[in-house]
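Undergrad: Provided herewith: coords.cif, mmCIF, C-alpha atoms.
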data_run
#
loop_
_atom_site.label_atom_id
_atom_site.label_comp_id
_atom_site.auth_asym_id
_atom_site.auth_seq_id
_atom_site.Cartn_x
_atom_site.Cartn_y
_atom_site.Cartn_z
CA MET A 10 -30.26 10.96 -17.15
CA THR A 11 -32.51 10.42 -14.19
CA ALA A 12 -32.72 6.99 -12.67
CA PRO A 13 -35.02 7.05 -9.66
CA ALA A 14 -36.32 3.58 -10.35
CA ILE A 15 -32.97 1.85 -10.23
CA ALA A 16 -31.09 3.56 -7.47
CA ALA A 17 -31.61 2.53 -3.91
CA PRO A 18 -32.60 5.62 -1.95
CA ARG A 19 -30.70 6.38 1.19
CA PRO A 20 -32.54 5.65 4.42
CA ALA A 21 -33.25 9.33 5.09
CA GLY A 22 -34.25 10.03 1.50
CA GLY A 23 -31.03 11.64 0.27
CA PRO A 24 -29.85 11.50 -3.34
CA PRO A 25 -29.92 8.10 -5.05
CA SER A 26 -26.62 6.29 -5.06
CA LEU A 27 -24.96 3.23 -6.51
CA LYS A 28 -21.94 1.19 -5.57
CA ILE A 29 -19.73 0.18 -8.47
CA VAL A 30 -16.80 -2.21 -8.39
CA LEU A 31 -13.79 -1.81 -10.61
CA THR A 32 -11.71 -4.85 -11.34
CA GLY A 33 -9.04 -6.04 -13.72
CA PRO A 34 -5.51 -7.37 -13.65
CA PHE A 35 -2.50 -5.93 -11.97
CA GLY A 36 -1.19 -2.75 -13.61
CA VAL A 37 -4.16 -2.17 -15.91
CA GLY A 38 -4.94 1.30 -14.56
CA LYS A 39 -7.59 0.88 -11.88
CA THR A 40 -6.04 3.22 -9.31
CA THR A 41 -5.39 5.80 -12.04
CA LEU A 42 -9.02 5.54 -13.16
CA VAL A 43 -10.43 6.15 -9.68
CA GLY A 44 -8.08 9.09 -9.18
CA ALA A 45 -9.11 10.61 -12.51
CA VAL A 46 -12.84 10.48 -11.95
CA SER A 47 -13.41 10.94 -8.22
CA ASP A 48 -14.97 14.21 -7.03
CA ILE A 49 -13.27 13.77 -3.67
CA ALA A 50 -9.69 12.90 -2.83
CA PRO A 51 -9.74 9.12 -3.27
CA VAL A 52 -8.71 6.49 -0.80
CA THR A 53 -5.67 4.73 -2.17
CA THR A 54 -3.75 1.92 -0.55
CA GLU A 55 -0.69 1.79 -2.72
CA ALA A 56 2.46 0.26 -1.35
CA ARG A 57 5.94 -0.07 -2.78
CA MET A 58 6.22 -3.25 -4.71
CA SER A 59 8.91 -5.70 -3.82
CA ALA A 60 10.58 -7.99 -6.30
CA GLY A 61 9.49 -11.59 -6.47
CA ASN A 62 5.88 -11.02 -7.32
CA ALA A 63 5.79 -14.41 -8.98
CA ASP A 64 2.04 -14.52 -9.23
CA ASP A 65 1.50 -11.64 -11.63
CA ASP A 66 3.25 -10.84 -14.88
CA THR A 67 5.02 -7.48 -14.58
CA SER A 68 6.94 -7.57 -17.87
CA LEU A 69 4.60 -5.07 -19.56
CA THR A 70 4.55 -2.67 -16.62
CA PRO A 71 8.26 -2.18 -15.97
CA ALA A 72 7.89 1.38 -14.66
CA LYS A 73 5.33 0.38 -12.06
CA THR A 74 6.76 0.69 -8.57
CA THR A 75 3.66 0.59 -6.40
CA THR A 76 0.66 -1.68 -6.17
CA THR A 77 -2.72 -1.49 -4.48
CA VAL A 78 -2.78 -3.67 -1.39
CA ALA A 79 -6.36 -3.25 -0.21
CA MET A 80 -8.59 -1.16 -2.42
CA ASP A 81 -9.27 2.20 -4.03
CA PHE A 82 -12.31 4.27 -3.27
CA GLY A 83 -13.75 7.37 -4.90
CA ARG A 84 -17.05 9.16 -5.28
CA LEU A 85 -18.63 11.14 -8.09
CA ASP A 86 -21.97 12.61 -8.99
CA VAL A 87 -23.47 11.88 -12.38
CA ASP A 88 -26.68 13.77 -13.09
CA GLY A 89 -27.80 13.70 -9.49
CA VAL A 90 -26.87 10.06 -8.88
CA THR A 91 -23.96 9.48 -6.51
CA LEU A 92 -21.60 6.74 -7.66
CA TYR A 93 -19.30 5.10 -5.14
CA VAL A 94 -16.45 3.43 -6.97
CA TYR A 95 -14.49 0.66 -5.27
CA GLY A 96 -11.36 -0.64 -6.97
CA THR A 97 -10.19 -4.14 -6.14
CA PRO A 98 -6.53 -4.92 -5.66
CA GLY A 99 -5.12 -6.33 -8.89
CA GLN A 100 -2.66 -8.81 -7.49
CA HIS A 101 -3.90 -12.33 -7.23
CA ARG A 102 -2.93 -12.81 -3.61
CA PHE A 103 -5.47 -10.17 -2.50
CA TRP A 104 -8.41 -11.95 -4.01
CA PHE A 105 -9.80 -13.00 -0.67
CA MET A 106 -11.05 -9.39 -0.34
CA TRP A 107 -13.23 -9.48 -3.39
CA ASP A 108 -16.33 -11.00 -1.89
CA ALA A 109 -16.41 -8.23 0.70
CA ILE A 110 -15.77 -5.48 -1.83
CA VAL A 111 -18.55 -6.55 -4.22
CA ARG A 112 -21.12 -6.76 -1.44
CA GLY A 113 -24.01 -4.44 -2.28
CA ALA A 114 -22.59 -3.48 -5.67
CA ALA A 115 -24.95 -2.71 -8.55
CA GLY A 116 -22.48 -3.30 -11.33
CA SER A 117 -18.86 -3.74 -12.28
CA VAL A 118 -16.23 -2.51 -14.72
CA VAL A 119 -13.61 -5.02 -15.89
CA VAL A 120 -10.59 -3.16 -17.22
CA VAL A 121 -8.47 -4.87 -19.87
CA ASP A 122 -5.15 -4.18 -21.58
CA THR A 123 -5.10 -5.33 -25.22
CA ARG A 124 -1.49 -6.49 -24.86
CA ARG A 125 -2.52 -9.09 -22.29
CA LEU A 126 -6.21 -9.80 -22.59
CA GLN A 127 -5.75 -13.23 -21.07
CA ASP A 128 -4.87 -11.62 -17.72
CA SER A 129 -8.50 -10.48 -17.45
CA PHE A 130 -10.09 -13.90 -17.82
CA ARG A 131 -10.32 -14.62 -14.13
CA HIS A 132 -11.80 -11.18 -13.43
CA LEU A 133 -14.48 -11.79 -16.05
CA ASP A 134 -15.13 -15.24 -14.59
CA TYR A 135 -15.56 -13.67 -11.18
CA VAL A 136 -18.12 -11.03 -12.15
CA ASP A 137 -19.99 -13.69 -14.14
CA HIS A 138 -19.95 -15.96 -11.12
CA VAL A 139 -21.40 -13.33 -8.78
CA ARG A 140 -23.89 -12.28 -11.49
CA LEU A 141 -22.94 -8.61 -11.51
CA PRO A 142 -23.84 -6.67 -14.65
CA TYR A 143 -20.59 -5.40 -16.13
CA VAL A 144 -18.98 -3.46 -18.95
CA VAL A 145 -15.50 -4.09 -20.32
CA ALA A 146 -13.23 -1.05 -20.41
CA VAL A 147 -10.33 -1.18 -22.84
CA ASN A 148 -7.63 1.04 -21.39
CA GLN A 149 -5.70 2.33 -24.38
CA PHE A 150 -2.05 2.31 -23.41
CA PRO A 151 0.31 4.46 -25.50
CA GLY A 152 1.96 2.27 -28.08
CA ALA A 153 -0.48 -0.60 -27.69
CA ARG A 154 -2.28 -1.73 -30.82
CA SER A 155 -5.90 -0.78 -31.05
CA TYR A 156 -8.46 -3.46 -31.93
CA PRO A 157 -12.10 -3.27 -33.01
CA ALA A 158 -14.65 -4.11 -30.35
CA SER A 159 -15.67 -7.21 -32.29
CA ALA A 160 -12.16 -8.65 -32.02
CA ILE A 161 -12.06 -7.97 -28.29
CA ARG A 162 -15.50 -9.49 -27.82
CA GLU A 163 -14.37 -12.62 -29.58
CA ALA A 164 -11.04 -12.86 -27.78
CA LEU A 165 -12.70 -12.50 -24.39
CA ALA A 166 -15.73 -14.64 -25.33
CA LEU A 167 -18.07 -11.87 -24.17
CA ALA A 168 -21.83 -12.13 -24.51
CA ALA A 169 -23.34 -9.91 -27.19
CA ASP A 170 -24.97 -7.57 -24.65
CA VAL A 171 -21.79 -6.74 -22.70
CA PRO A 172 -20.76 -3.18 -23.63
CA ILE A 173 -17.13 -2.61 -24.61
CA VAL A 174 -15.86 0.93 -24.03
CA ASP A 175 -12.49 2.38 -25.07
CA ILE A 176 -11.08 4.56 -22.33
CA ASP A 177 -8.07 6.53 -21.28
CA ALA A 178 -7.94 5.84 -17.53
CA ARG A 179 -6.14 9.16 -16.98
CA ASP A 180 -8.90 11.21 -18.55
CA ARG A 181 -11.83 12.27 -16.39
CA ASP A 182 -14.35 12.71 -19.22
CA SER A 183 -13.41 9.38 -20.71
CA VAL A 184 -13.95 7.60 -17.40
CA ARG A 185 -17.21 9.43 -16.74
CA ARG A 186 -18.52 8.19 -20.10
CA LEU A 187 -17.51 4.68 -19.11
CA LEU A 188 -19.39 4.86 -15.81
CA ILE A 189 -22.48 6.30 -17.51
CA ALA A 190 -22.35 3.35 -19.94
CA LEU A 191 -22.23 1.01 -16.95
CA VAL A 192 -25.19 2.67 -15.23
CA GLU A 193 -27.19 2.45 -18.46
CA HIS A 194 -26.26 -1.20 -18.83
CA VAL A 195 -27.32 -1.88 -15.22
CA ILE A 196 -30.66 -0.21 -15.88
CA THR A 197 -31.18 -2.35 -18.99
CA ARG A 198 -30.22 -5.50 -17.18
CA THR A 199 -32.48 -4.83 -14.20
CA THR A 200 -35.54 -3.58 -16.06
CA PRO A 201 -38.29 -6.07 -15.21
CA ALA A 202 -38.65 -8.63 -17.96
CA PRO A 203 -41.57 -11.03 -18.50
CA PRO A 204 -41.43 -13.79 -15.86
CA SER A 205 -40.70 -16.46 -18.45
CA VAL A 206 -37.46 -14.67 -19.40
CA CYS A 207 -36.43 -13.61 -15.92
CA THR A 208 -35.48 -16.95 -14.43
CA MET B 14 -27.73 8.67 5.63
CA SER B 15 -29.26 8.27 9.06
CA SER B 16 -29.49 11.50 11.00
CA ASP B 17 -30.85 9.58 14.00
CA LEU B 18 -27.74 7.46 14.04
CA SER B 19 -25.51 10.52 13.67
CA TYR B 20 -27.31 12.01 16.66
CA LEU B 21 -26.59 8.87 18.67
CA LEU B 22 -22.92 8.88 17.66
CA ASN B 23 -22.60 12.51 18.74
CA ASN B 24 -24.59 12.28 21.94
CA ASN B 25 -24.21 8.72 23.20
CA LEU B 26 -20.57 8.25 22.23
CA VAL B 27 -18.60 11.46 21.73
CA ALA B 28 -20.41 13.54 24.35
CA ARG B 29 -20.82 10.81 26.92
CA VAL B 30 -17.74 8.57 26.74
CA PRO B 31 -14.52 10.34 27.73
CA GLY B 32 -11.77 9.77 25.18
CA ILE B 33 -13.91 9.20 22.08
CA SER B 34 -13.40 12.07 19.66
CA GLN B 35 -14.79 10.91 16.28
CA ALA B 36 -16.79 8.02 14.93
CA VAL B 37 -18.34 6.74 11.71
CA ALA B 38 -20.93 3.99 11.31
CA VAL B 39 -20.43 1.86 8.23
CA SER B 40 -22.68 -0.63 6.47
CA ALA B 41 -21.42 -4.09 5.59
CA ASP B 42 -20.91 -2.97 2.01
CA GLY B 43 -18.59 -0.17 3.06
CA LEU B 44 -20.85 2.82 2.78
CA LEU B 45 -21.26 5.59 5.26
CA LEU B 46 -24.35 5.44 7.47
CA ALA B 47 -23.60 8.17 10.00
CA TRP B 48 -20.74 10.30 11.25
CA THR B 49 -19.87 12.70 14.04
CA ASP B 50 -19.90 16.49 13.81
CA GLY B 51 -16.14 16.90 13.81
CA LEU B 52 -15.74 15.16 10.45
CA ASN B 53 -16.58 16.50 7.03
CA ARG B 54 -18.63 14.34 4.71
CA ASP B 55 -15.81 13.54 2.28
CA ALA B 56 -13.46 12.39 5.03
CA ALA B 57 -16.26 10.38 6.64
CA GLU B 58 -16.92 8.55 3.37
CA ARG B 59 -13.26 7.68 2.98
CA LEU B 60 -13.16 6.44 6.57
CA ALA B 61 -16.20 4.28 5.85
CA ALA B 62 -14.47 2.68 2.88
CA VAL B 63 -11.34 2.13 4.96
CA ALA B 64 -13.35 0.52 7.78
CA ALA B 65 -14.88 -1.99 5.38
CA GLY B 66 -11.47 -2.67 3.84
CA MET B 67 -9.86 -3.22 7.25
CA ASN B 68 -12.65 -5.56 8.21
CA SER B 69 -12.14 -7.52 5.02
CA LEU B 70 -8.33 -7.65 5.29
CA LEU B 71 -8.40 -8.76 8.91
CA ASN B 72 -11.02 -11.39 8.20
CA GLY B 73 -8.63 -12.69 5.54
CA ALA B 74 -5.95 -13.09 8.19
CA ALA B 75 -8.39 -14.63 10.66
CA ARG B 76 -9.47 -17.23 8.11
CA ASP B 77 -5.92 -18.37 7.46
CA LEU B 78 -5.32 -18.61 11.19
CA SER B 79 -8.62 -20.44 11.77
CA ALA B 80 -9.28 -18.00 14.59
CA GLY B 81 -12.88 -17.01 13.96
CA GLY B 82 -14.24 -13.75 12.58
CA VAL B 83 -13.06 -10.23 13.35
CA GLN B 84 -14.73 -8.67 16.37
CA GLY B 85 -12.60 -5.59 16.65
CA ASN B 86 -9.27 -4.00 15.91
CA LEU B 87 -7.11 -1.54 17.78
CA THR B 88 -4.55 0.58 15.92
CA GLU B 89 -2.11 2.78 17.79
CA LEU B 90 -1.51 6.16 16.18
CA ALA B 91 0.99 8.79 17.24
CA HIS B 92 -1.85 10.96 18.48
CA GLY B 93 -4.60 8.54 19.36
CA PHE B 94 -6.11 5.14 18.83
CA LEU B 95 -8.19 3.94 15.93
CA ILE B 96 -10.76 1.41 17.09
CA LEU B 97 -12.82 -0.77 14.78
CA VAL B 98 -15.79 -2.61 16.26
CA ALA B 99 -17.45 -5.19 14.03
CA VAL B 100 -21.19 -5.65 14.36
CA SER B 101 -22.64 -9.10 13.80
CA THR B 102 -24.46 -7.99 10.63
CA GLY B 103 -21.13 -7.19 8.97
CA ALA B 104 -21.47 -3.48 9.67
CA SER B 105 -18.88 -1.68 11.75
CA LEU B 106 -18.03 1.36 13.82
CA LEU B 107 -14.69 3.09 13.32
CA THR B 108 -13.73 5.39 16.15
CA LEU B 109 -10.89 7.71 17.02
CA ALA B 110 -9.99 7.78 20.71
CA THR B 111 -7.56 10.15 22.34
CA ARG B 112 -4.12 9.04 23.40
CA ASP B 113 -5.03 9.22 27.10
CA ALA B 114 -8.34 7.36 26.77
CA ASP B 115 -9.17 4.44 29.06
CA LEU B 116 -9.23 1.86 26.29
CA ALA B 117 -10.93 -0.85 28.34
CA PHE B 118 -13.78 1.50 29.14
CA VAL B 119 -13.97 2.92 25.61
CA THR B 120 -14.10 -0.48 23.93
CA GLU B 121 -16.72 -1.73 26.40
CA GLU B 122 -18.88 1.31 25.66
CA LEU B 123 -18.40 0.84 21.92
CA GLY B 124 -19.53 -2.77 22.19
CA ARG B 125 -22.58 -1.71 24.18
CA PHE B 126 -23.38 0.99 21.62
CA ALA B 127 -22.99 -1.45 18.74
CA ASP B 128 -25.45 -3.82 20.41
CA GLN B 129 -27.95 -0.99 20.87
CA VAL B 130 -27.86 0.30 17.30
CA GLY B 131 -27.09 -2.96 15.51
CA ASP B 132 -30.47 -2.98 13.80
CA GLN B 133 -29.76 0.38 12.19
CA LEU B 134 -26.47 -0.79 10.72
CA THR B 135 -28.00 -2.80 7.92
CA PRO B 136 -26.60 -2.31 4.41
CA ALA B 137 -27.65 1.06 3.08
CA PHE B 138 -27.65 -0.11 -0.48
CA ALA B 139 -29.66 -3.30 -0.30
CA GLY B 140 -32.35 -1.63 -2.34
CA THR B 141 -34.31 -2.76 -5.30
CA LEU B 142 -31.50 -2.38 -7.78
CA THR B 143 -28.91 -4.43 -5.96
CA THR B 144 -31.49 -7.03 -5.13
CA ALA B 145 -32.33 -7.29 -8.78
CA ALA B 146 -28.73 -7.24 -9.90
CA THR B 147 -27.29 -9.72 -7.45
CA GLY B 148 -30.28 -11.32 -5.80
CA GLN B 149 -29.92 -14.64 -7.59
CA ARG B 150 -26.57 -15.26 -5.99
#
Would you write out, as structure tokens, the structure that this file holds?

TA:
Amino acid sequence: MTAPAIAAPRPAGGPPSLKIVLTGPFGVGKTTLVGAVSDIAPVTTEARMSAGNADDDTSLTPAKTTTTVAMDFGRLDVDGVTLYVYGTPGQHRFWFMWDAIVRGAAGSVVVVDTRRLQDSFRHLDYVDHVRLPYVVAVNQFPGARSYPASAIREALALAADVPIVDIDARDRDSVRRLLIALVEHVITRTTPAPPSVCT
Amino acid sequence: MSSDLSYLLNNNLVARVPGISQAVAVSADGLLLAWTDGLNRDAAERLAAVAAGMNSLLNGAARDLSAGGVQGNLTELAHGFLILVAVSTGASLLTLATRDADLAFVTEELGRFADQVGDQLTPAFAGTLTTAATGQR
């Protein structure tokens, strides 16, 4: 895939590159995903979690002992396009950082866990609000029931054109396919449409 | 990536200001614009992401304290000082200074440098795609 028309060239004419933002609720696998796919050692800002995190439901992630307190960052090349992936912190109390993290982003991935889809509603609302093109990534946790895309689309009230991609956040190839799907979706969304449609 | 800006970081900061050993210039959206010779590209890109994250975190604190926006940050390390200088456009410079640096002088020079190159620190990724994708905001 070559995408010269959609990627903003670097000032000195280097390879095209895109900033992508990864979001989703606490414990859904965002840090794992960045670590799996990054070509460089990622930036992680995990800290030991204390008890009393009243704001986020931890009942389905009992083994989780750390949480991202600022962001994750990784970089990968896909067919000559450099993708910079920024992961938002999942916990609600870090949301003040989001507006800064999404600045300059071309698109977003919202990661969901089928056992608690409702935890992703506010993330979906946010990317809708800032008008970022996005795909929904269903991170398939071991032991979680698997649902058809149509059921997930209905449960999350997603528009018909939002891609839904099943992933294993630990698997590099799986995550690369997800990010390629996002880039393709961004291209589709930003292809010039007739003025009457593009309002 | 701006090679002119990298030249300026190397020659107007590291070579000219005693105590400054490394620096990266970072766009408001957290991407690397330029870096000094002593850093490899991968490390420089991580530092750029960290600079944007620090800026964002500290602005979060500043908002709750009603104390205005972040202008800079000084972090003491065991073997040096990490200095963040925010540029009005939202861009920033993240610099490593040596432990024995004259911090007053270094920070003054960093501020002067930021004023000089401020125009070059515009978001690297505000290209056609992002404009199209988020321009209606």

Undergrad: So what do you get for CA of Val98 (chain B) versus CA of Thr120 (chain B), distance-wise?

TA: 8.1 Å

Undergrad: Would you kindly return, as a list in words, each protein, DNA or RNA residue with an atom no farther than 12 Å from any atom of Asp115 (chain B), considering all atoms listed in the file and excluding same-chain residues fewer than 3 positions away?

TA: Val30, Pro31, Gly32, Ile33, Gly93, Phe94, Ala110, Thr111, Arg112, Phe118, Val119, Thr120, Glu121 and Glu122 of chain B

Undergrad: Distance CA of Ala168 (chain A)-CA of Ala114 (chain A), one decimal place?

TA: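 Straight-line distance from CA of Ala168 (chain A) to CA of Ala114 (chain A) works out to 20.7 Å.
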
Undergrad: I'd like the residues picked by the PyMOL selection byres ((chain B and resi 49-62) around 7) written out as a list in words, using the chain letters and numbers from the file.

TA: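 Selected by the PyMOL selection byres ((chain B and resi 49-62) around 7) in this file: Ile49, Val52 and Phe82 of chain A; Ser19, Leu22, Asn23, Gln35, Ala36, Val37, Val39, Gly43, Leu44, Leu45, Trp48, Val63, Ala64, Ala65 and Gly66 of chain B.
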
Undergrad: For a quick check of understanding, using only C-alpha atoms, which of A:Val94, A:Val37, A:Leu69, A:Ile161 has the smallest distance to chain B?

TA: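 Closest candidate: A:Val94.
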
Undergrad: Kindly indicate which residue among A:Val192, A:Val78, A:Leu85, A:Ala160 lies nearest to Thr123 (chain A), using all atoms listed in the file for the distances.

TA: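 When distances to Thr123 (chain A) are compared using all atoms listed in the file, the smallest one comes from A:Ala160.
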
Undergrad: From the set A:Asp175, A:Glu55, A:Asp65, A:Asp48, which residue has the shortest atom-to-atom contact distance to Gly83 (chain A), counting all atoms listed in the file?

TA: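 Smallest separation from Gly83 (chain A) among the options: A:Asp48.
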
Undergrad: Can you pull out every residue within 12 Å of Ser47 (chain A), counting all atoms listed in the file, but drop anything in the same chain fewer than 4 positions away, and send it as an NGL selection string?

TA: (:A and (40-43 or 51-53 or 81-87 or 91-96 or 178-182 or 184-185 or 188)) or (:B and (55 or 59))

Undergrad: Set the distance at 8 Å and use all atoms listed in the file: which residues neighbour region 143-158 of chain A once local chain neighbours fewer than 5 positions away are removed? I'd like the list as a list of chain:residue names.

TA: A:Val37, A:Gly38, A:Gly116, A:Ser117, A:Val118, A:Val119, A:Val120, A:Val121, A:Asp122, A:Thr123, A:Arg124, A:Val136, A:Val171, A:Pro172, A:Ile173, A:Val174, A:Asp175, A:Ile176, A:Asp177, A:Ala178, A:Leu187, A:Ala190, A:Leu191, A:His194, A:Val195

Undergrad: Tell me which of B:Ser34, B:Asn25, B:Asn86, B:Ser16 sits closest to chain A, counting all atoms listed in the file.

TA: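 Result for the nearest residue to chain A: B:Ser16.
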
Undergrad: Rank nothing, just name the residue among A:Thr54, A:Gln100, A:Ser68, A:Thr76 nearest to chain B, using only C-alpha atoms.

TA: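 Of A:Thr54, A:Gln100, A:Ser68, A:Thr76, the one nearest chain B, counting only C-alpha atoms, is A:Thr54.
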
Undergrad: What separation in Å, quoted to one decimal, exists between CA of Ile189 (chain A) and CA of Trp104 (chain A)?

TA: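 We find that CA of Ile189 (chain A) and CA of Trp104 (chain A) lie 26.7 Å from each other.
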
Undergrad: Would you mind telling me which residue in B:Gln133, B:Ser105, B:Ser69, B:Asn24 lies nearest to chain A when using all atoms listed in the file?

TA: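 So, comparing all the options, the nearest one is B:Ser69.
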
Undergrad: How would you write, as number ranges by chain, the residues chosen by the PyMOL selection byres ((chain B and resi 71-76) around 12) on this structure?

TA: A: 79, 102-109; B: 63-70, 77-87, 97, 99, 103

Undergrad: Would you compute the box with edges along x, y and z of the file around region 80-88 of chain A, including every atom the file lists for it and 3 Å extra on each side, and give its centre and edge lengths in Å to one decimal, as AutoDock Vina command-line options?

TA:
--center_x -17.6 --center_y 6.3 --center_z -7.8 --size_x 24.1 --size_y 20.9 --size_z 16.7

Undergrad: Run through the PyMOL selection byres ((chain B and resi 128-131) around 8) on the given coordinates and return the selected residues as a PyMOL selection string.

TA: chain B and resi 18+100-102+124-127+132-135
